[in-house]
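File shown here: my_file30.csv, holding CSV, C-alpha atoms.
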```
chain,number,residue,atom,x,y,z
A,1,MET,CA,113.5,86.5,125.0
A,2,ALA,CA,110.8,88.8,123.6
A,3,THR,CA,108.5,87.8,120.7
A,4,HIS,CA,107.7,90.3,118.0
A,5,LEU,CA,105.3,90.1,115.1
A,6,ILE,CA,106.4,92.4,112.2
A,7,THR,CA,104.7,93.3,109.0
A,8,GLY,CA,106.7,94.7,106.2
A,9,ALA,CA,109.9,92.8,107.1
A,10,GLY,CA,110.8,92.2,103.5
A,11,SER,CA,112.3,95.5,102.7
A,12,GLY,CA,113.0,99.1,103.9
A,13,ILE,CA,112.3,100.0,107.5
A,14,GLY,CA,110.7,96.7,108.3
A,15,ALA,CA,113.8,94.8,107.2
A,16,ALA,CA,116.0,97.1,109.2
A,17,VAL,CA,113.9,96.4,112.3
A,18,ALA,CA,113.8,92.7,111.7
A,19,ARG,CA,117.6,92.6,111.3
A,20,ARG,CA,118.2,94.4,114.5
A,21,LEU,CA,115.8,92.3,116.6
A,22,HIS,CA,117.1,89.0,115.0
A,23,ALA,CA,120.7,90.0,115.7
A,24,ARG,CA,120.0,90.4,119.4
A,25,GLY,CA,118.3,87.0,119.6
A,26,ASP,CA,114.7,88.0,119.9
A,27,ASP,CA,112.0,85.7,118.6
A,28,LEU,CA,110.5,86.9,115.3
A,29,LEU,CA,107.1,86.2,113.7
A,30,LEU,CA,107.3,87.7,110.2
A,31,PHE,CA,104.1,88.4,108.3
A,32,ALA,CA,104.2,87.5,104.6
A,33,ARG,CA,101.6,88.0,101.9
A,34,ASP,CA,102.0,84.4,100.5
A,35,ALA,CA,103.9,81.1,101.2
A,36,GLY,CA,106.7,81.9,98.8
A,37,ARG,CA,107.4,85.2,100.4
A,38,GLY,CA,107.2,83.5,103.8
A,39,LYS,CA,109.9,81.0,102.7
A,40,GLU,CA,112.2,83.8,101.6
A,41,LEU,CA,111.8,85.6,105.0
A,42,ALA,CA,112.5,82.4,106.9
A,43,GLU,CA,115.6,81.8,104.9
A,44,THR,CA,116.8,85.4,105.5
A,45,TYR,CA,116.2,85.2,109.3
A,46,PRO,CA,117.1,81.7,110.5
A,47,GLY,CA,114.9,80.6,113.4
A,48,ALA,CA,112.2,83.1,112.6
A,49,ARG,CA,108.6,81.9,112.2
A,50,THR,CA,106.3,83.2,109.5
A,51,LEU,CA,102.6,83.9,109.3
A,52,VAL,CA,100.9,84.2,105.9
A,53,GLY,CA,98.1,86.6,105.1
A,54,ASP,CA,97.3,89.3,102.6
A,55,LEU,CA,97.0,92.7,104.1
A,56,ALA,CA,95.1,93.8,101.0
A,57,THR,CA,92.2,91.7,102.0
A,58,PRO,CA,91.8,92.4,105.7
A,59,ASP,CA,88.4,90.7,105.9
A,60,ARG,CA,90.2,87.3,105.2
A,61,LEU,CA,93.0,87.7,107.8
A,62,SER,CA,91.0,86.0,110.5
A,63,TRP,CA,90.3,83.0,108.3
A,64,ALA,CA,94.0,82.8,107.2
A,65,LEU,CA,95.3,82.9,110.7
A,66,SER,CA,92.8,80.4,112.0
A,67,HIS,CA,94.7,77.8,109.9
A,68,GLN,CA,98.1,78.6,111.4
A,69,THR,CA,99.8,78.2,114.7
A,70,LEU,CA,99.8,81.4,116.7
A,71,PRO,CA,101.8,82.3,119.8
A,72,ASP,CA,100.3,82.2,123.2
A,73,ARG,CA,101.8,85.6,124.1
A,74,LEU,CA,103.3,88.4,122.1
A,75,ASP,CA,105.6,91.2,123.4
A,76,SER,CA,105.1,93.5,120.4
A,77,LEU,CA,103.1,94.0,117.3
A,78,LEU,CA,105.0,96.2,114.8
A,79,HIS,CA,102.9,97.5,112.0
A,80,ILE,CA,105.5,98.6,109.3
A,81,ALA,CA,104.0,97.4,106.0
A,82,GLY,CA,102.4,100.0,103.8
A,83,ILE,CA,101.6,101.0,100.2
A,84,VAL,CA,101.4,104.4,98.4
A,85,ASP,CA,99.6,105.5,95.3
A,86,LEU,CA,99.7,109.2,94.6
A,87,GLY,CA,97.3,111.3,92.6
A,88,PRO,CA,95.0,114.3,92.8
A,89,VAL,CA,91.6,113.7,94.4
A,90,GLY,CA,89.9,114.6,91.1
A,91,GLU,CA,91.6,111.6,89.4
A,92,LEU,CA,92.0,108.9,92.1
A,93,THR,CA,89.7,105.9,91.6
A,94,PRO,CA,87.8,104.0,94.4
A,95,LYS,CA,90.3,101.2,93.8
A,96,ALA,CA,93.2,103.5,94.7
A,97,TRP,CA,91.5,104.7,97.8
A,98,THR,CA,90.4,101.2,98.9
A,99,SER,CA,93.7,99.5,98.4
A,100,GLN,CA,95.6,102.1,100.5
A,101,LEU,CA,93.0,102.2,103.2
A,102,ASN,CA,92.9,98.4,103.4
A,103,VAL,CA,96.7,97.9,103.7
A,104,ASN,CA,97.6,101.0,105.7
A,105,LEU,CA,94.6,101.2,108.1
A,106,VAL,CA,92.1,98.4,108.1
A,107,ALA,CA,94.6,95.5,108.1
A,108,PRO,CA,96.5,97.0,111.0
A,109,ALA,CA,93.2,97.4,112.9
A,110,GLU,CA,92.3,93.8,112.2
A,111,LEU,CA,95.7,92.3,113.1
A,112,THR,CA,95.6,94.3,116.3
A,113,ARG,CA,92.2,93.0,117.1
A,114,LEU,CA,93.2,89.4,116.5
A,115,PHE,CA,96.4,89.6,118.6
A,116,LEU,CA,95.1,91.7,121.5
A,117,PRO,CA,94.7,88.6,123.8
A,118,GLN,CA,98.4,87.7,123.3
A,119,LEU,CA,99.5,91.3,123.8
A,120,ARG,CA,97.4,91.7,127.0
A,121,ALA,CA,98.9,88.4,128.3
A,122,SER,CA,102.4,89.9,128.1
A,123,GLN,CA,101.4,93.5,128.8
A,124,GLY,CA,103.2,94.1,125.5
A,125,GLN,CA,103.0,97.0,123.0
A,126,VAL,CA,101.8,98.0,119.6
A,127,ILE,CA,103.9,100.3,117.4
A,128,PHE,CA,102.4,101.8,114.3
A,129,VAL,CA,104.9,103.1,111.8
A,130,ASN,CA,103.0,106.0,110.4
A,131,SER,CA,104.3,108.8,108.1
A,132,GLY,CA,104.7,112.5,108.0
A,133,ALA,CA,101.6,112.3,105.8
A,134,GLY,CA,99.8,111.1,108.9
A,135,LEU,CA,100.2,114.6,110.3
A,136,ALA,CA,99.8,116.8,107.3
A,137,ALA,CA,98.3,116.2,103.8
A,138,HIS,CA,99.7,117.7,100.6
A,139,ALA,CA,98.6,117.8,97.0
A,140,GLU,CA,98.3,114.4,95.4
A,141,TRP,CA,98.8,112.7,98.7
A,142,GLY,CA,95.1,112.6,99.7
A,143,ALA,CA,94.4,108.9,99.8
A,144,TYR,CA,97.7,107.9,101.4
A,145,ALA,CA,97.4,110.7,103.9
A,146,ALA,CA,93.8,109.8,104.7
A,147,SER,CA,94.9,106.2,105.5
A,148,LYS,CA,97.7,107.5,107.7
A,149,HIS,CA,95.6,110.1,109.5
A,150,GLY,CA,93.2,107.2,110.2
A,151,LEU,CA,96.1,105.1,111.5
A,152,LYS,CA,96.9,107.9,114.0
A,153,ALA,CA,93.3,107.9,115.2
A,154,LEU,CA,93.5,104.1,115.5
A,155,ALA,CA,96.6,104.3,117.6
A,156,ASP,CA,95.2,107.1,119.8
A,157,ALA,CA,91.9,105.2,120.5
A,158,LEU,CA,93.7,101.9,121.1
A,159,ARG,CA,96.1,103.6,123.6
A,160,HIS,CA,93.2,104.9,125.7
A,161,GLU,CA,91.4,101.5,125.5
A,162,GLU,CA,94.3,99.3,126.4
A,163,ARG,CA,96.1,101.3,129.0
A,164,PRO,CA,94.1,99.6,131.8
A,165,ASN,CA,95.4,96.2,130.3
A,166,GLY,CA,99.0,97.4,130.5
A,167,VAL,CA,99.5,97.5,126.7
A,168,ARG,CA,101.6,100.4,125.4
A,169,VAL,CA,100.8,102.0,122.0
A,170,ALA,CA,103.2,104.2,120.1
A,171,SER,CA,103.0,106.0,116.7
A,172,VAL,CA,106.3,106.7,114.8
A,173,TYR,CA,106.1,109.3,112.0
A,174,PRO,CA,109.2,109.0,109.7
A,175,GLY,CA,109.9,111.6,107.1
A,176,ARG,CA,111.3,110.6,103.7
A,177,THR,CA,113.4,107.4,104.0
A,178,ALA,CA,115.7,105.7,101.5
A,179,THR,CA,113.5,102.7,100.7
A,180,PRO,CA,111.9,101.0,97.7
A,181,MET,CA,108.7,102.8,98.5
A,182,GLN,CA,110.5,106.2,98.4
A,183,ALA,CA,111.9,105.3,95.0
A,184,LYS,CA,108.3,104.6,93.8
A,185,VAL,CA,107.1,107.9,95.2
A,186,HIS,CA,109.8,109.8,93.3
A,187,GLY,CA,108.7,108.0,90.1
A,188,GLN,CA,105.1,109.0,90.7
A,189,GLU,CA,106.2,112.6,91.4
A,190,GLY,CA,108.3,112.6,88.2
A,191,LYS,CA,111.5,113.4,90.2
A,192,GLU,CA,115.0,111.9,90.2
A,193,TYR,CA,115.6,109.6,93.2
A,194,ASP,CA,118.8,110.2,95.2
A,195,ALA,CA,118.8,107.9,98.2
A,196,SER,CA,121.7,109.9,99.8
A,197,ARG,CA,119.2,112.8,100.4
A,198,TRP,CA,117.0,110.8,102.8
A,199,MET,CA,117.2,109.0,106.1
A,200,ASP,CA,118.7,105.5,106.2
A,201,PRO,CA,116.2,102.8,107.2
A,202,GLU,CA,118.6,101.9,110.0
A,203,SER,CA,118.1,105.4,111.5
A,204,VAL,CA,114.3,104.9,111.6
A,205,ALA,CA,114.8,101.4,113.0
A,206,THR,CA,116.8,103.0,115.9
A,207,THR,CA,113.8,105.3,116.5
A,208,ILE,CA,111.4,102.4,116.6
A,209,LEU,CA,113.6,100.4,118.9
A,210,THR,CA,113.9,103.4,121.2
A,211,ALA,CA,110.1,103.2,121.7
A,212,LEU,CA,110.1,99.5,121.9
A,213,ASP,CA,112.9,99.2,124.5
A,214,LEU,CA,111.8,102.1,126.7
A,215,PRO,CA,111.6,101.1,130.4
A,216,ARG,CA,108.1,100.3,131.6
A,217,ASP,CA,107.9,103.4,133.9
A,218,ALA,CA,107.5,105.5,130.8
A,219,GLU,CA,105.9,105.4,127.3
A,220,ILE,CA,106.3,107.2,124.0
A,221,ASN,CA,103.0,108.1,122.4
A,222,ASP,CA,104.1,109.9,119.3
A,223,LEU,CA,107.6,110.2,117.9
A,224,THR,CA,108.5,112.2,114.8
A,225,VAL,CA,111.8,111.6,112.9
A,226,ARG,CA,112.9,113.7,109.9
A,227,PRO,CA,115.9,113.7,107.5
A,228,GLY,CA,118.9,115.5,109.0
A,229,ARG,CA,120.8,116.1,105.9
```

With the file now loaded, output its structure as C-alpha cells.
Amino acid sequence: MATHLITGAGSGIGAAVARRLHARGDDLLLFARDAGRGKELAETYPGARTLVGDLATPDRLSWALSHQTLPDRLDSLLHIAGIVDLGPVGELTPKAWTSQLNVNLVAPAELTRLFLPQLRASQGQVIFVNSGAGLAAHAEWGAYAASKHGLKALADALRHEERPNGVRVASVYPGRTATPMQAKVHGQEGKEYDASRWMDPESVATTILTALDLPRDAEINDLTVRPGR
C-alpha cells in the first residue's frame, strides 16, 4: 500500500486526487492549514492521517512538523495547493507577490526539502501541479505566473538532483479547470463563470495519476492538459 502526502486535498483537483487514492486503498497524509481543517479532512477520508502547517508561512513549516508524527517513508509528495491574486504589475503590492510566491513556490520547496529523506527511502516521486501560467504569462497574471514559472524551475532542478537517488519528479500543467479557484479567477477578471466550459477536476486527477502510476522503467517530466470542449 503506497503512502501519499497531498496538499490542497480540501477542494478542486486536490480533492479529486485524494478521493481516487482513498478509494483504491492507498494510505493518505493530508496537509491542512489548521487543526479544524485537519479534522474535516480526516472525517471526509476515514483512515487518512493529517499534518497541520500553514503554507503561507513556509519558514515555520519545519517547526510545525517537528511537533507531529511523520512517516518513515513516503511514496509520493503531491503539491496541489495554490492561490491566485490577479492584477497588473503596476498595481500589485508586495503582499500580493509575497503571498503567492510563499504558497505556490517557497512552501512546496520547503516541504520537498523536509520530506526528501522519506522519498529517497522509497525511491518515490514528487508531482508538482503547476498551471498553464507556468509556461506563459499574460496581462494581470504576473505574480501568479512568476510563482508558477518558479515552480517549473524547482521541479526541473530537483529532477536532476534526485535522479541518482531514484526519485522521480513530474510537473503537470492544467489549463482552466472547474474549481473554486477558477470561480475566483473569473470574479477577478469580471467574467461570468460557467463551469461547463472547463475541465472537470476528475479529468486532471486522471492525468496526475497517470504520472504517478507509470511503471518505473519510464518517467513523465512535463505533462500539459487542456480543456477539450

query = Closest to Ala81 of chain A among A:Val129, A:Ala109, A:Leu21, A:Leu65, using only C-alpha atoms?
reply =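 Using only C-alpha atoms, Ala81 of chain A sits closest to A:Val129.
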
Find the nearest atom pair between each residue of segment 22-111 of chain A and segment 184-204 of chain A for residues within 9 Å, count only C-alpha atoms, give distances in Å to one decimal, sort rows by chain and ascending number, and present the table as a tab-separated table.
```
residue	atom	partner	partner_atom	distance
A:Val84	CA	A:Val185	CA	7.4
A:Asp85	CA	A:Val185	CA	7.9
A:Leu86	CA	A:Gln188	CA	6.7
A:Gly87	CA	A:Gln188	CA	8.4
```

Spatial neighbours of Asp75 of chain A, max dist 12 Å, all atoms listed in the file, sep filter under 3 positions, as a PyMOL selection string = chain A and resi 1-6+26-29+71-72+78+115-127+166-169+212-213

remark   = Using only C-alpha atoms, the residue out of A:Ala153, A:Gly132, A:Leu51, A:Thr207 with shortest distance to Phe31 of chain A is A:Leu51

query = Contacts of segment 147-151 of chain A at 7 Å or less, counting only C-alpha atoms, minus same-chain residues fewer than 6 places along, as a ChimeraX atom specification?
reply = /A:100-101,104-105,130-131,133-135

Take segment 22-40 of chain A, bring it up to N, CA, C and O atoms, and give me the output as a compact mmCIF listing (two decimals), keeping the file's coordinate frame.
```
# COMPACT_ATOMS: atom_id res chain seq x y z
N HIS A 22 116.55 90.38 115.21
CA HIS A 22 117.10 89.00 115.00
C HIS A 22 118.52 88.94 115.49
O HIS A 22 118.90 87.94 116.13
N ALA A 23 119.31 89.99 115.26
CA ALA A 23 120.70 90.00 115.70
C ALA A 23 120.87 89.90 117.19
O ALA A 23 121.85 89.35 117.69
N ARG A 24 119.92 90.45 117.91
CA ARG A 24 120.00 90.40 119.40
C ARG A 24 119.35 89.21 119.99
O ARG A 24 119.29 89.07 121.21
N GLY A 25 118.84 88.32 119.14
CA GLY A 25 118.30 87.00 119.60
C GLY A 25 116.88 87.00 119.98
O GLY A 25 116.42 86.01 120.58
N ASP A 26 116.11 88.02 119.63
CA ASP A 26 114.70 88.00 119.90
C ASP A 26 113.96 87.03 118.97
O ASP A 26 114.46 86.67 117.90
N ASP A 27 112.79 86.61 119.39
CA ASP A 27 112.00 85.70 118.60
C ASP A 27 111.10 86.45 117.65
O ASP A 27 110.35 87.35 118.07
N LEU A 28 111.18 86.13 116.37
CA LEU A 28 110.50 86.90 115.30
C LEU A 28 109.35 86.05 114.71
O LEU A 28 109.55 84.89 114.36
N LEU A 29 108.19 86.69 114.54
CA LEU A 29 107.10 86.20 113.70
C LEU A 29 106.99 87.21 112.56
O LEU A 29 106.67 88.37 112.81
N LEU A 30 107.25 86.78 111.34
CA LEU A 30 107.30 87.70 110.20
C LEU A 30 106.05 87.45 109.33
O LEU A 30 105.79 86.33 108.89
N PHE A 31 105.31 88.51 109.09
CA PHE A 31 104.10 88.40 108.30
C PHE A 31 104.38 88.50 106.85
O PHE A 31 105.03 89.44 106.40
N ALA A 32 103.91 87.52 106.08
CA ALA A 32 104.20 87.50 104.60
C ALA A 32 102.87 87.37 103.88
O ALA A 32 101.90 86.77 104.36
N ARG A 33 102.86 87.93 102.67
CA ARG A 33 101.60 88.00 101.90
C ARG A 33 101.28 86.61 101.28
O ARG A 33 100.13 86.35 100.93
N ASP A 34 102.29 85.74 101.08
CA ASP A 34 102.00 84.40 100.50
C ASP A 34 103.12 83.45 101.00
O ASP A 34 104.12 83.87 101.61
N ALA A 35 102.94 82.16 100.74
CA ALA A 35 103.90 81.10 101.20
C ALA A 35 105.27 81.33 100.64
O ALA A 35 106.27 81.10 101.33
N GLY A 36 105.35 81.74 99.37
CA GLY A 36 106.70 81.90 98.80
C GLY A 36 107.45 83.04 99.44
O GLY A 36 108.65 82.89 99.71
N ARG A 37 106.77 84.13 99.74
CA ARG A 37 107.40 85.20 100.40
C ARG A 37 107.78 84.81 101.86
O ARG A 37 108.83 85.18 102.38
N GLY A 38 106.93 84.01 102.47
CA GLY A 38 107.20 83.50 103.80
C GLY A 38 108.49 82.67 103.83
O GLY A 38 109.31 82.77 104.76
N LYS A 39 108.67 81.84 102.81
CA LYS A 39 109.90 81.00 102.70
C LYS A 39 111.11 81.88 102.59
O LYS A 39 112.15 81.61 103.23
N GLU A 40 111.04 82.93 101.79
CA GLU A 40 112.20 83.80 101.60
C GLU A 40 112.55 84.50 102.95
O GLU A 40 113.73 84.61 103.29
```
